[in-house]
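Structure file work37.pdb; described as PDB, C-alpha atoms.
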ATOM      1  CA  MET A 135     -19.358 -15.163   3.753
ATOM      2  CA  LYS A 136     -15.964 -16.861   3.863
ATOM      3  CA  PHE A 137     -12.910 -14.735   4.617
ATOM      4  CA  ALA A 138      -9.199 -15.494   4.326
ATOM      5  CA  ILE A 139      -6.547 -13.353   6.001
ATOM      6  CA  ILE A 140      -3.058 -13.548   4.517
ATOM      7  CA  GLN A 141      -0.239 -13.754   7.063
ATOM      8  CA  PHE A 142       3.269 -12.624   6.149
ATOM      9  CA  PRO A 143       6.261 -12.606   8.466
ATOM     10  CA  GLY A 144       5.789  -9.177  10.047
ATOM     11  CA  SER A 145       2.016  -8.922   9.642
ATOM     12  CA  ASN A 146       0.622  -7.513  12.885
ATOM     13  CA  CYS A 147      -3.001  -6.612  12.174
ATOM     14  CA  ASP A 148      -3.963 -10.138  11.083
ATOM     15  CA  GLN A 149      -5.427 -11.016  14.476
ATOM     16  CA  ASP A 150      -7.325  -7.727  14.723
ATOM     17  CA  CYS A 151      -8.910  -8.480  11.350
ATOM     18  CA  TYR A 152      -9.678 -12.023  12.471
ATOM     19  CA  HIS A 153     -11.332 -10.740  15.645
ATOM     20  CA  ALA A 154     -13.459  -8.229  13.735
ATOM     21  CA  LEU A 155     -14.591 -10.726  11.104
ATOM     22  CA  ALA A 156     -14.948 -13.905  13.187
ATOM     23  CA  ASN A 157     -16.021 -12.557  16.570
ATOM     24  CA  VAL A 158     -17.715  -9.239  15.825
ATOM     25  CA  PHE A 159     -19.364 -10.228  12.530
ATOM     26  CA  GLY A 160     -19.514 -13.993  13.127
ATOM     27  CA  GLN A 161     -18.162 -14.914   9.714
ATOM     28  CA  PRO A 162     -16.138 -18.069   8.898
ATOM     29  CA  THR A 163     -12.592 -16.725   8.778
ATOM     30  CA  ARG A 164      -9.206 -18.372   8.493
ATOM     31  CA  TYR A 165      -5.573 -17.493   8.111
ATOM     32  CA  VAL A 166      -3.555 -18.255   4.993
ATOM     33  CA  TRP A 167       0.216 -18.420   5.522
ATOM     34  CA  HIS A 168       2.153 -16.530   2.846
ATOM     35  CA  LYS A 169       3.782 -19.736   1.608
ATOM     36  CA  GLU A 170       0.474 -21.372   0.750
ATOM     37  CA  THR A 171      -0.244 -21.506  -2.955
ATOM     38  CA  SER A 172      -4.015 -21.819  -2.677
ATOM     39  CA  LEU A 173      -6.591 -19.771  -0.778
ATOM     40  CA  GLY A 174      -9.151 -22.561  -0.716
ATOM     41  CA  ASP A 175     -12.856 -21.822  -0.792
ATOM     42  CA  VAL A 176     -13.036 -18.105  -0.036
ATOM     43  CA  ASP A 177     -15.201 -15.111  -0.955
ATOM     44  CA  CYS A 178     -13.121 -12.219   0.346
ATOM     45  CA  VAL A 179      -9.378 -11.982   0.976
ATOM     46  CA  VAL A 180      -7.947  -9.587   3.539
ATOM     47  CA  VAL A 181      -4.344  -8.450   3.107
ATOM     48  CA  PRO A 182      -3.738  -7.085   6.600
ATOM     49  CA  GLY A 183      -1.548  -4.357   8.014
ATOM     50  CA  GLY A 184       1.872  -4.702   9.545
ATOM     51  CA  PHE A 185       5.460  -4.620   8.386
ATOM     52  CA  SER A 186       5.697  -7.587   6.052
ATOM     53  CA  TYR A 187       9.339  -8.664   5.634
ATOM     54  CA  GLY A 188      10.336  -5.772   7.869
ATOM     55  CA  ASP A 189       9.365  -3.298   5.128
ATOM     56  CA  TYR A 190      12.810  -4.034   3.657
ATOM     57  CA  LEU A 191      13.640  -2.410   0.306
ATOM     58  CA  ARG A 192      10.180  -0.785   0.024
ATOM     59  CA  THR A 193       6.928  -1.412   1.881
ATOM     60  CA  GLY A 194       5.234  -4.439   0.348
ATOM     61  CA  ALA A 195       8.006  -4.998  -2.215
ATOM     62  CA  ILE A 196       9.027  -8.447  -0.986
ATOM     63  CA  ALA A 197       5.586  -9.620   0.162
ATOM     64  CA  ARG A 198       4.145  -9.204  -3.302
ATOM     65  CA  PHE A 199       6.252 -12.108  -4.567
ATOM     66  CA  SER A 200       4.907 -14.528  -1.927
ATOM     67  CA  PRO A 201       3.168 -17.627  -3.290
ATOM     68  CA  ALA A 202      -0.038 -16.557  -1.527
ATOM     69  CA  MET A 203      -0.028 -13.271  -3.445
ATOM     70  CA  LYS A 204      -0.105 -15.156  -6.731
ATOM     71  CA  ALA A 205      -3.268 -16.848  -5.440
ATOM     72  CA  VAL A 206      -4.648 -13.447  -4.377
ATOM     73  CA  ALA A 207      -4.013 -12.082  -7.880
ATOM     74  CA  ASP A 208      -5.825 -15.078  -9.402
ATOM     75  CA  HIS A 209      -8.708 -14.593  -6.971
ATOM     76  CA  ALA A 210      -8.912 -10.902  -7.954
ATOM     77  CA  LYS A 211      -8.750 -11.718 -11.651
ATOM     78  CA  ALA A 212     -11.685 -14.090 -11.222
ATOM     79  CA  GLY A 213     -13.706 -11.238  -9.696
ATOM     80  CA  GLY A 214     -13.253 -12.235  -6.031
ATOM     81  CA  LEU A 215     -13.151  -9.517  -3.389
ATOM     82  CA  VAL A 216      -9.815  -8.342  -1.987
ATOM     83  CA  ILE A 217      -9.320  -5.697   0.687
ATOM     84  CA  GLY A 218      -5.832  -4.474   1.560
ATOM     85  CA  ILE A 219      -5.490  -2.488   4.752
ATOM     86  CA  CYS A 220      -2.448  -0.276   5.436
ATOM     87  CA  ASN A 221       0.528  -2.535   4.630
ATOM     88  CA  GLY A 222      -2.004  -4.583   2.648
ATOM     89  CA  PHE A 223      -2.722  -1.512   0.495
ATOM     90  CA  GLN A 224       1.021  -1.049  -0.035
ATOM     91  CA  ILE A 225       1.356  -4.709  -1.056
ATOM     92  CA  LEU A 226      -1.567  -4.495  -3.514
ATOM     93  CA  CYS A 227       0.068  -1.457  -5.150
ATOM     94  CA  GLU A 228       3.426  -3.219  -5.401
ATOM     95  CA  ALA A 229       1.620  -6.224  -6.903
ATOM     96  CA  HIS A 230       0.033  -3.919  -9.532
ATOM     97  CA  LEU A 231      -3.432  -4.976  -8.404
ATOM     98  CA  LEU A 232      -3.945  -1.273  -7.674
ATOM     99  CA  PRO A 233      -2.255   1.685  -9.389
ATOM    100  CA  GLY A 234       0.187   4.077  -7.723
ATOM    101  CA  ALA A 235       2.397   3.692  -4.666
ATOM    102  CA  LEU A 236       2.567   4.673  -1.001
ATOM    103  CA  ILE A 237       5.582   6.752  -0.004
ATOM    104  CA  ARG A 238       6.910   8.369   3.180
ATOM    105  CA  ASN A 239       4.507  10.711   4.940
ATOM    106  CA  ARG A 240       5.243  14.298   4.027
ATOM    107  CA  SER A 241       6.000  15.056   7.698
ATOM    108  CA  LEU A 242       8.396  12.048   7.862
ATOM    109  CA  LYS A 243       6.543  11.097  11.048
ATOM    110  CA  PHE A 244       4.767   7.866  11.844
ATOM    111  CA  ILE A 245       1.184   8.957  12.456
ATOM    112  CA  CYS A 246      -1.084   6.982  14.765
ATOM    113  CA  GLU A 247      -4.432   8.679  15.361
ATOM    114  CA  HIS A 248      -8.105   8.675  14.479
ATOM    115  CA  VAL A 249      -8.811  10.542  11.251
ATOM    116  CA  GLU A 250     -11.965  11.475   9.410
ATOM    117  CA  LEU A 251     -12.651   9.868   6.047
ATOM    118  CA  ARG A 252     -15.315  10.955   3.618
ATOM    119  CA  VAL A 253     -17.073   8.211   1.675
ATOM    120  CA  GLU A 254     -16.881   9.460  -1.914
ATOM    121  CA  THR A 255     -18.935   6.793  -3.626
ATOM    122  CA  THR A 256     -21.270   4.008  -2.619
ATOM    123  CA  ASP A 257     -20.747   2.265  -5.938
ATOM    124  CA  SER A 258     -18.426  -0.463  -4.633
ATOM    125  CA  PRO A 259     -18.721  -3.692  -2.634
ATOM    126  CA  PHE A 260     -16.736  -1.943   0.125
ATOM    127  CA  THR A 261     -18.845   1.198   0.598
ATOM    128  CA  ASN A 262     -22.357   0.215  -0.477
ATOM    129  CA  ALA A 263     -23.663   0.232   3.105
ATOM    130  CA  CYS A 264     -22.567   3.850   3.592
ATOM    131  CA  LYS A 265     -24.167   7.056   2.496
ATOM    132  CA  LYS A 266     -22.246   9.151  -0.011
ATOM    133  CA  GLY A 267     -20.531  12.005   1.787
ATOM    134  CA  ARG A 268     -20.734  10.284   5.153
ATOM    135  CA  VAL A 269     -17.723  10.949   7.342
ATOM    136  CA  LEU A 270     -16.206   7.919   9.077
ATOM    137  CA  ARG A 271     -13.856   8.148  12.062
ATOM    138  CA  ILE A 272     -11.228   5.446  11.621
ATOM    139  CA  PRO A 273      -7.632   5.271  12.893
ATOM    140  CA  ILE A 274      -4.506   5.380  10.780
ATOM    141  CA  ALA A 275      -1.107   4.040  11.878
ATOM    142  CA  HIS A 276       1.566   4.440   9.241
ATOM    143  CA  GLY A 277       4.838   6.068   8.294
ATOM    144  CA  GLU A 278       4.414   5.504   4.575
ATOM    145  CA  GLY A 279       0.853   6.333   3.688
ATOM    146  CA  CYS A 280       1.324   9.190   1.260
ATOM    147  CA  TYR A 281      -0.474   8.033  -1.863
ATOM    148  CA  PHE A 282       1.288   8.922  -5.100
ATOM    149  CA  ALA A 283       0.413   8.355  -8.740
ATOM    150  CA  GLU A 284       1.104  10.300 -11.927
ATOM    151  CA  PRO A 285      -1.493  12.990 -12.813
ATOM    152  CA  ALA A 286      -2.904  10.863 -15.664
ATOM    153  CA  VAL A 287      -3.586   7.999 -13.228
ATOM    154  CA  ILE A 288      -5.211  10.338 -10.691
ATOM    155  CA  LYS A 289      -7.432  11.737 -13.427
ATOM    156  CA  GLN A 290      -8.468   8.243 -14.437
ATOM    157  CA  LEU A 291      -9.266   7.322 -10.817
ATOM    158  CA  GLN A 292     -11.441  10.436 -10.540
ATOM    159  CA  GLN A 293     -13.208   9.889 -13.836
ATOM    160  CA  GLU A 294     -13.963   6.257 -13.059
ATOM    161  CA  ASP A 295     -15.188   7.070  -9.524
ATOM    162  CA  ARG A 296     -12.513   4.831  -8.031
ATOM    163  CA  VAL A 297     -11.505   6.983  -5.059
ATOM    164  CA  LEU A 298     -13.721   5.356  -2.436
ATOM    165  CA  VAL A 299     -12.532   7.335   0.595
ATOM    166  CA  ARG A 300     -10.703  10.648   1.022
ATOM    167  CA  TYR A 301      -9.177  12.258   4.106
ATOM    168  CA  VAL A 302     -11.142  15.242   5.396
ATOM    169  CA  ASN A 303      -7.847  16.682   6.716
ATOM    170  CA  ASN A 304      -4.986  15.163   4.761
ATOM    171  CA  PRO A 305      -2.577  13.770   7.397
ATOM    172  CA  ASN A 306       0.228  12.469   5.173
ATOM    173  CA  GLY A 307       0.467  14.437   1.928
ATOM    174  CA  SER A 308      -1.497  11.979  -0.226
ATOM    175  CA  VAL A 309      -2.249  13.266  -3.705
ATOM    176  CA  ASP A 310      -5.877  14.416  -4.003
ATOM    177  CA  ASN A 311      -6.426  13.535  -0.289
ATOM    178  CA  ILE A 312      -6.712   9.886  -1.317
ATOM    179  CA  ALA A 313      -7.152   7.414   1.560
ATOM    180  CA  GLY A 314      -8.437   4.436  -0.439
ATOM    181  CA  ILE A 315      -8.988   3.379  -4.038
ATOM    182  CA  CYS A 316     -10.371   0.424  -5.951
ATOM    183  CA  ASN A 317      -9.323  -1.285  -9.158
ATOM    184  CA  GLU A 318     -11.070  -1.047 -12.498
ATOM    185  CA  GLY A 319     -13.241  -4.083 -11.726
ATOM    186  CA  ARG A 320     -14.169  -2.493  -8.344
ATOM    187  CA  ASN A 321     -13.464  -5.808  -6.558
ATOM    188  CA  VAL A 322     -10.030  -4.870  -5.150
ATOM    189  CA  PHE A 323      -9.875  -2.145  -2.496
ATOM    190  CA  GLY A 324      -6.859  -0.695  -0.733
ATOM    191  CA  LEU A 325      -6.957   1.840   2.090
ATOM    192  CA  MET A 326      -4.483   3.137   4.653
ATOM    193  CA  PRO A 327      -6.936   3.521   7.596
ATOM    194  CA  HIS A 328      -7.787   0.491   9.739
ATOM    195  CA  PRO A 329     -11.530  -0.330   9.769
ATOM    196  CA  GLU A 330     -10.825  -3.416  11.916
ATOM    197  CA  ARG A 331      -9.593  -1.125  14.680
ATOM    198  CA  ALA A 332     -12.894   0.732  14.656
ATOM    199  CA  SER A 333     -15.414  -2.083  14.769
ATOM    200  CA  GLU A 334     -16.455  -2.018  18.421
ATOM    201  CA  LYS A 335     -17.604   0.690  20.773
ATOM    202  CA  ILE A 336     -14.869  -0.143  23.281
ATOM    203  CA  LEU A 337     -12.280   0.839  20.644
ATOM    204  CA  GLY A 338     -13.583   4.403  20.461
ATOM    205  CA  SER A 339     -15.322   4.148  17.107
ATOM    206  CA  GLU A 340     -17.562   1.694  15.309
ATOM    207  CA  ASP A 341     -17.385   3.410  11.932
ATOM    208  CA  GLY A 342     -15.141   0.703  10.481
ATOM    209  CA  ARG A 343     -18.153  -1.604  10.584
ATOM    210  CA  PHE A 344     -19.560   0.198   7.548
ATOM    211  CA  ILE A 345     -16.768  -1.211   5.396
ATOM    212  CA  PHE A 346     -17.310  -4.798   6.596
ATOM    213  CA  LYS A 347     -21.107  -4.415   6.454
ATOM    214  CA  SER A 348     -20.758  -3.320   2.842
ATOM    215  CA  ILE A 349     -18.701  -6.413   2.014
ATOM    216  CA  LEU A 350     -21.314  -8.665   3.633
ATOM    217  CA  ARG A 351     -24.120  -6.821   1.880
ATOM    218  CA  SER A 352     -22.438  -7.263  -1.497
ATOM    219  CA  ALA A 353     -22.384 -11.027  -0.868
ATOM    220  CA  VAL A 354     -26.135 -11.015  -0.281
ATOM    221  CA  ALA A 355     -26.650  -8.960  -3.450
ATOM    222  CA  ALA A 356     -24.532 -11.393  -5.473
TER     223      ALA A 356
ATOM    224  CA  MET B 144      31.623  -9.179 -11.206
ATOM    225  CA  LYS B 145      29.796  -6.561  -9.249
ATOM    226  CA  ALA B 146      26.690  -4.513 -10.043
ATOM    227  CA  LYS B 147      26.440  -1.060  -8.520
ATOM    228  CA  ILE B 148      22.879   0.151  -8.550
ATOM    229  CA  ILE B 149      21.487   3.586  -7.779
ATOM    230  CA  VAL B 150      17.760   3.984  -7.185
ATOM    231  CA  MET B 151      16.423   7.541  -6.951
ATOM    232  CA  PRO B 152      12.949   8.953  -6.349
ATOM    233  CA  LYS B 153      11.511  10.320  -9.587
ATOM    234  CA  LYS B 154      11.667  14.078 -10.061
ATOM    235  CA  THR B 155       7.871  14.243  -9.867
ATOM    236  CA  VAL B 156       7.786  12.425  -6.517
ATOM    237  CA  LEU B 157       7.936  14.285  -3.254
ATOM    238  CA  ASP B 158      11.170  13.626  -1.342
ATOM    239  CA  PRO B 159      10.619  14.886   2.220
ATOM    240  CA  GLN B 160      13.899  13.297   3.371
ATOM    241  CA  GLY B 161      15.855  15.284   0.814
ATOM    242  CA  LYS B 162      14.062  18.467   1.787
ATOM    243  CA  THR B 163      14.768  17.925   5.486
ATOM    244  CA  VAL B 164      18.462  17.250   4.814
ATOM    245  CA  LYS B 165      18.644  20.386   2.669
ATOM    246  CA  HIS B 166      17.276  22.424   5.581
ATOM    247  CA  ALA B 167      19.742  20.736   7.950
ATOM    248  CA  LEU B 168      22.667  21.595   5.658
ATOM    249  CA  GLU B 169      21.511  25.215   5.504
ATOM    250  CA  SER B 170      21.088  25.353   9.264
ATOM    251  CA  ILE B 171      24.756  24.428   9.720
ATOM    252  CA  HIS B 172      25.685  27.170   7.247
ATOM    253  CA  PHE B 173      26.332  25.254   4.046
ATOM    254  CA  LYS B 174      25.439  27.847   1.470
ATOM    255  CA  GLY B 175      24.306  27.435  -2.123
ATOM    256  CA  ILE B 176      22.455  24.118  -1.701
ATOM    257  CA  LYS B 177      19.900  24.099  -4.509
ATOM    258  CA  ASP B 178      18.293  20.746  -3.916
ATOM    259  CA  VAL B 179      18.859  17.429  -2.145
ATOM    260  CA  ARG B 180      17.391  14.113  -3.265
ATOM    261  CA  ILE B 181      17.927  10.923  -1.313
ATOM    262  CA  GLY B 182      17.948   7.493  -2.904
ATOM    263  CA  LYS B 183      19.491   4.083  -2.405
ATOM    264  CA  PHE B 184      22.780   2.514  -3.404
ATOM    265  CA  MET B 185      23.073  -1.245  -3.734
ATOM    266  CA  GLU B 186      25.978  -3.558  -4.506
ATOM    267  CA  ILE B 187      25.308  -7.008  -5.879
ATOM    268  CA  GLU B 188      28.005  -9.631  -6.332
ATOM    269  CA  LEU B 189      27.405 -11.613  -9.506
ATOM    270  CA  GLU B 190      28.511 -14.936 -10.867
ATOM    271  CA  GLY B 191      29.546 -15.250 -14.507
ATOM    272  CA  GLY B 192      31.559 -13.015 -16.807
ATOM    273  CA  ASP B 193      29.284 -12.265 -19.749
ATOM    274  CA  LYS B 194      28.694  -8.565 -19.199
ATOM    275  CA  THR B 195      25.881  -8.239 -21.742
ATOM    276  CA  ALA B 196      23.940 -11.109 -20.186
ATOM    277  CA  LEU B 197      24.514  -9.730 -16.680
ATOM    278  CA  GLN B 198      23.383  -6.306 -17.814
ATOM    279  CA  LYS B 199      20.131  -7.777 -19.085
ATOM    280  CA  LYS B 200      19.649  -9.715 -15.874
ATOM    281  CA  MET B 201      20.271  -6.674 -13.663
ATOM    282  CA  ASP B 202      17.947  -4.520 -15.744
ATOM    283  CA  GLU B 203      15.182  -7.035 -15.156
ATOM    284  CA  ALA B 204      15.994  -7.241 -11.425
ATOM    285  CA  CYS B 205      15.894  -3.444 -11.127
ATOM    286  CA  HIS B 206      12.610  -3.244 -12.959
ATOM    287  CA  LYS B 207      10.915  -6.118 -11.158
ATOM    288  CA  LEU B 208      12.099  -5.778  -7.580
ATOM    289  CA  LEU B 209      14.936  -3.394  -6.776
ATOM    290  CA  SER B 210      13.034  -0.280  -7.843
ATOM    291  CA  ASN B 211       9.382   0.621  -8.180
ATOM    292  CA  PRO B 212       8.994   2.278 -11.599
ATOM    293  CA  VAL B 213       5.934   4.171 -10.343
ATOM    294  CA  ILE B 214       8.029   6.271  -7.975
ATOM    295  CA  GLU B 215      11.689   5.555  -8.742
ATOM    296  CA  ASP B 216      14.291   5.620 -11.513
ATOM    297  CA  TYR B 217      17.381   3.445 -11.524
ATOM    298  CA  THR B 218      20.793   3.348 -13.077
ATOM    299  CA  PHE B 219      23.489   0.707 -12.681
ATOM    300  CA  GLU B 220      26.904  -0.284 -13.842
ATOM    301  CA  ILE B 221      28.619  -3.649 -13.892
ATOM    302  CA  GLN B 222      32.310  -3.856 -13.113
TER     303      GLN B 222
END
Please rewrite the model in this file as structure tokens.
Amino acid sequence: MKFAIIQFPGSNCDQDCYHALANVFGQPTRYVWHKETSLGDVDCVVVPGGFSYGDYLRTGAIARFSPAMKAVADHAKAGGLVIGICNGFQILCEAHLLPGALIRNRSLKFICEHVELRVETTDSPFTNACKKGRVLRIPIAHGEGCYFAEPAVIKQLQQEDRVLVRYVNNPNGSVDNIAGICNEGRNVFGLMPHPERASEKILGSEDGRFIFKSILRSAVAA
Amino acid sequence: MKAKIIVMPKKTVLDPQGKTVKHALESIHFKGIKDVRIGKFMEIELEGGDKTALQKKMDEACHKLLSNPVIEDYTFEIQ
């Protein structure tokens, strides 16, 4: 399966994602600089974590207007897979590829720790290798990870089974304990936790592999 | 001309900064503080003198980039 990782000025989890995909999972993976207008031949796009454009104005607000993001939107529209991790989730929300927004953590603190996530549905290309209700231990590292959307949007997400992962113990004040959601087409996924930082035993947890395994499995199914 | 823009978190959105500042004001004995909300103030220098056209342009800028309508409201004036 071919992966592309978007690099913005200020991305800092791009190489972690590359390592997980290319070295741990042995998949053909390449970087796409934010100024590129085409993604090339790619099955899954990763919008990685970091502080794109210094998080100026709002997290993800500037990055969403990058030429590469136009290509990501086209890729998503055509049914291609997109996963946004941490800052990537914030960018996908700003780009309206996912509903809602990520705001300052309720505690106002930057939180960097392993958290427990419950897999709420296996009906997605990002969680199909998990068991429903399975708890994954994956780290978070963010100051603005509090998911917010209007009650009508939350209700829609619940009704359409689009909350893929929830926090077991809500660390940041996210509405409905939401840690990750997908779009209506179920091909775009955004989550605050970092599965790429939990893909090898040496990192303290391998639970992040379930997310990448799911993506690879969905390719086989397709 | 100059646009002065105020972007505020929506009433329905949690504002932990505002809450913390409210507590800080109370802790240094400012009484009667009902609520504090913290937003952003921006000044943009503009070319051209057609106020109606500039107003339209700024409205679009606020909607598209300067605020996020999911979590923020904006107001602006052009002087």
I need the residue set behind the PyMOL selection byres ((chain A) within 7 of (chain B)) for this file; please write it as a PyMOL selection string.
-> chain A and resi 195+234-235+240+242
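Across A:Tyr281, A:Tyr187, A:Phe159, A:Tyr165, the tightest approach to Phe223 of chain A is made by A:Tyr281 when counting only C-alpha atoms.
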Selection result for the PyMOL selection byres ((chain A and resi 188) around 12) on this file, as a count of residues only | 20
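Distance-wise, atom CA of Ala286 of chain A and atom CA of Glu250 of chain A end up 26.7 Å apart.
The residue set within 9 Å of segment 165-168 of chain B, counting all atoms listed in the file and dropping same-chain residues fewer than 3 places from it, reads Gln160, Gly161, Lys162, Ile171, His172, Phe173, Lys174, Ile176, Lys177, Asp178, Val179 and Arg180 of chain B.
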Translate the PyMOL selection byres ((chain A and resi 310) around 8), as applied to the file shown, into an explicit residue set as a list in words.
->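 For this structure, the PyMOL selection byres ((chain A and resi 310) around 8) captures Ile288, Arg300, Ser308, Val309, Asn311 and Ile312 of chain A.
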Between A:Asp175, A:Asp208, A:Asp257, A:Glu284, single out the one closest to Lys153 of chain B, counting only C-alpha atoms.
->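 Residue with the minimum atom-to-atom distance to Lys153 of chain B: A:Glu284.
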Determine, counting all atoms listed in the file, which protein, DNA and RNA residues have an atom within 6 Å of an atom of segment 266-271 of chain A; residues of the same chain fewer than 6 positions away are not included. Present the result as a list in words.
-> Val249, Glu250, Leu251, Arg252, Val253, Glu254, Thr255, Thr256 and Asp341 of chain A
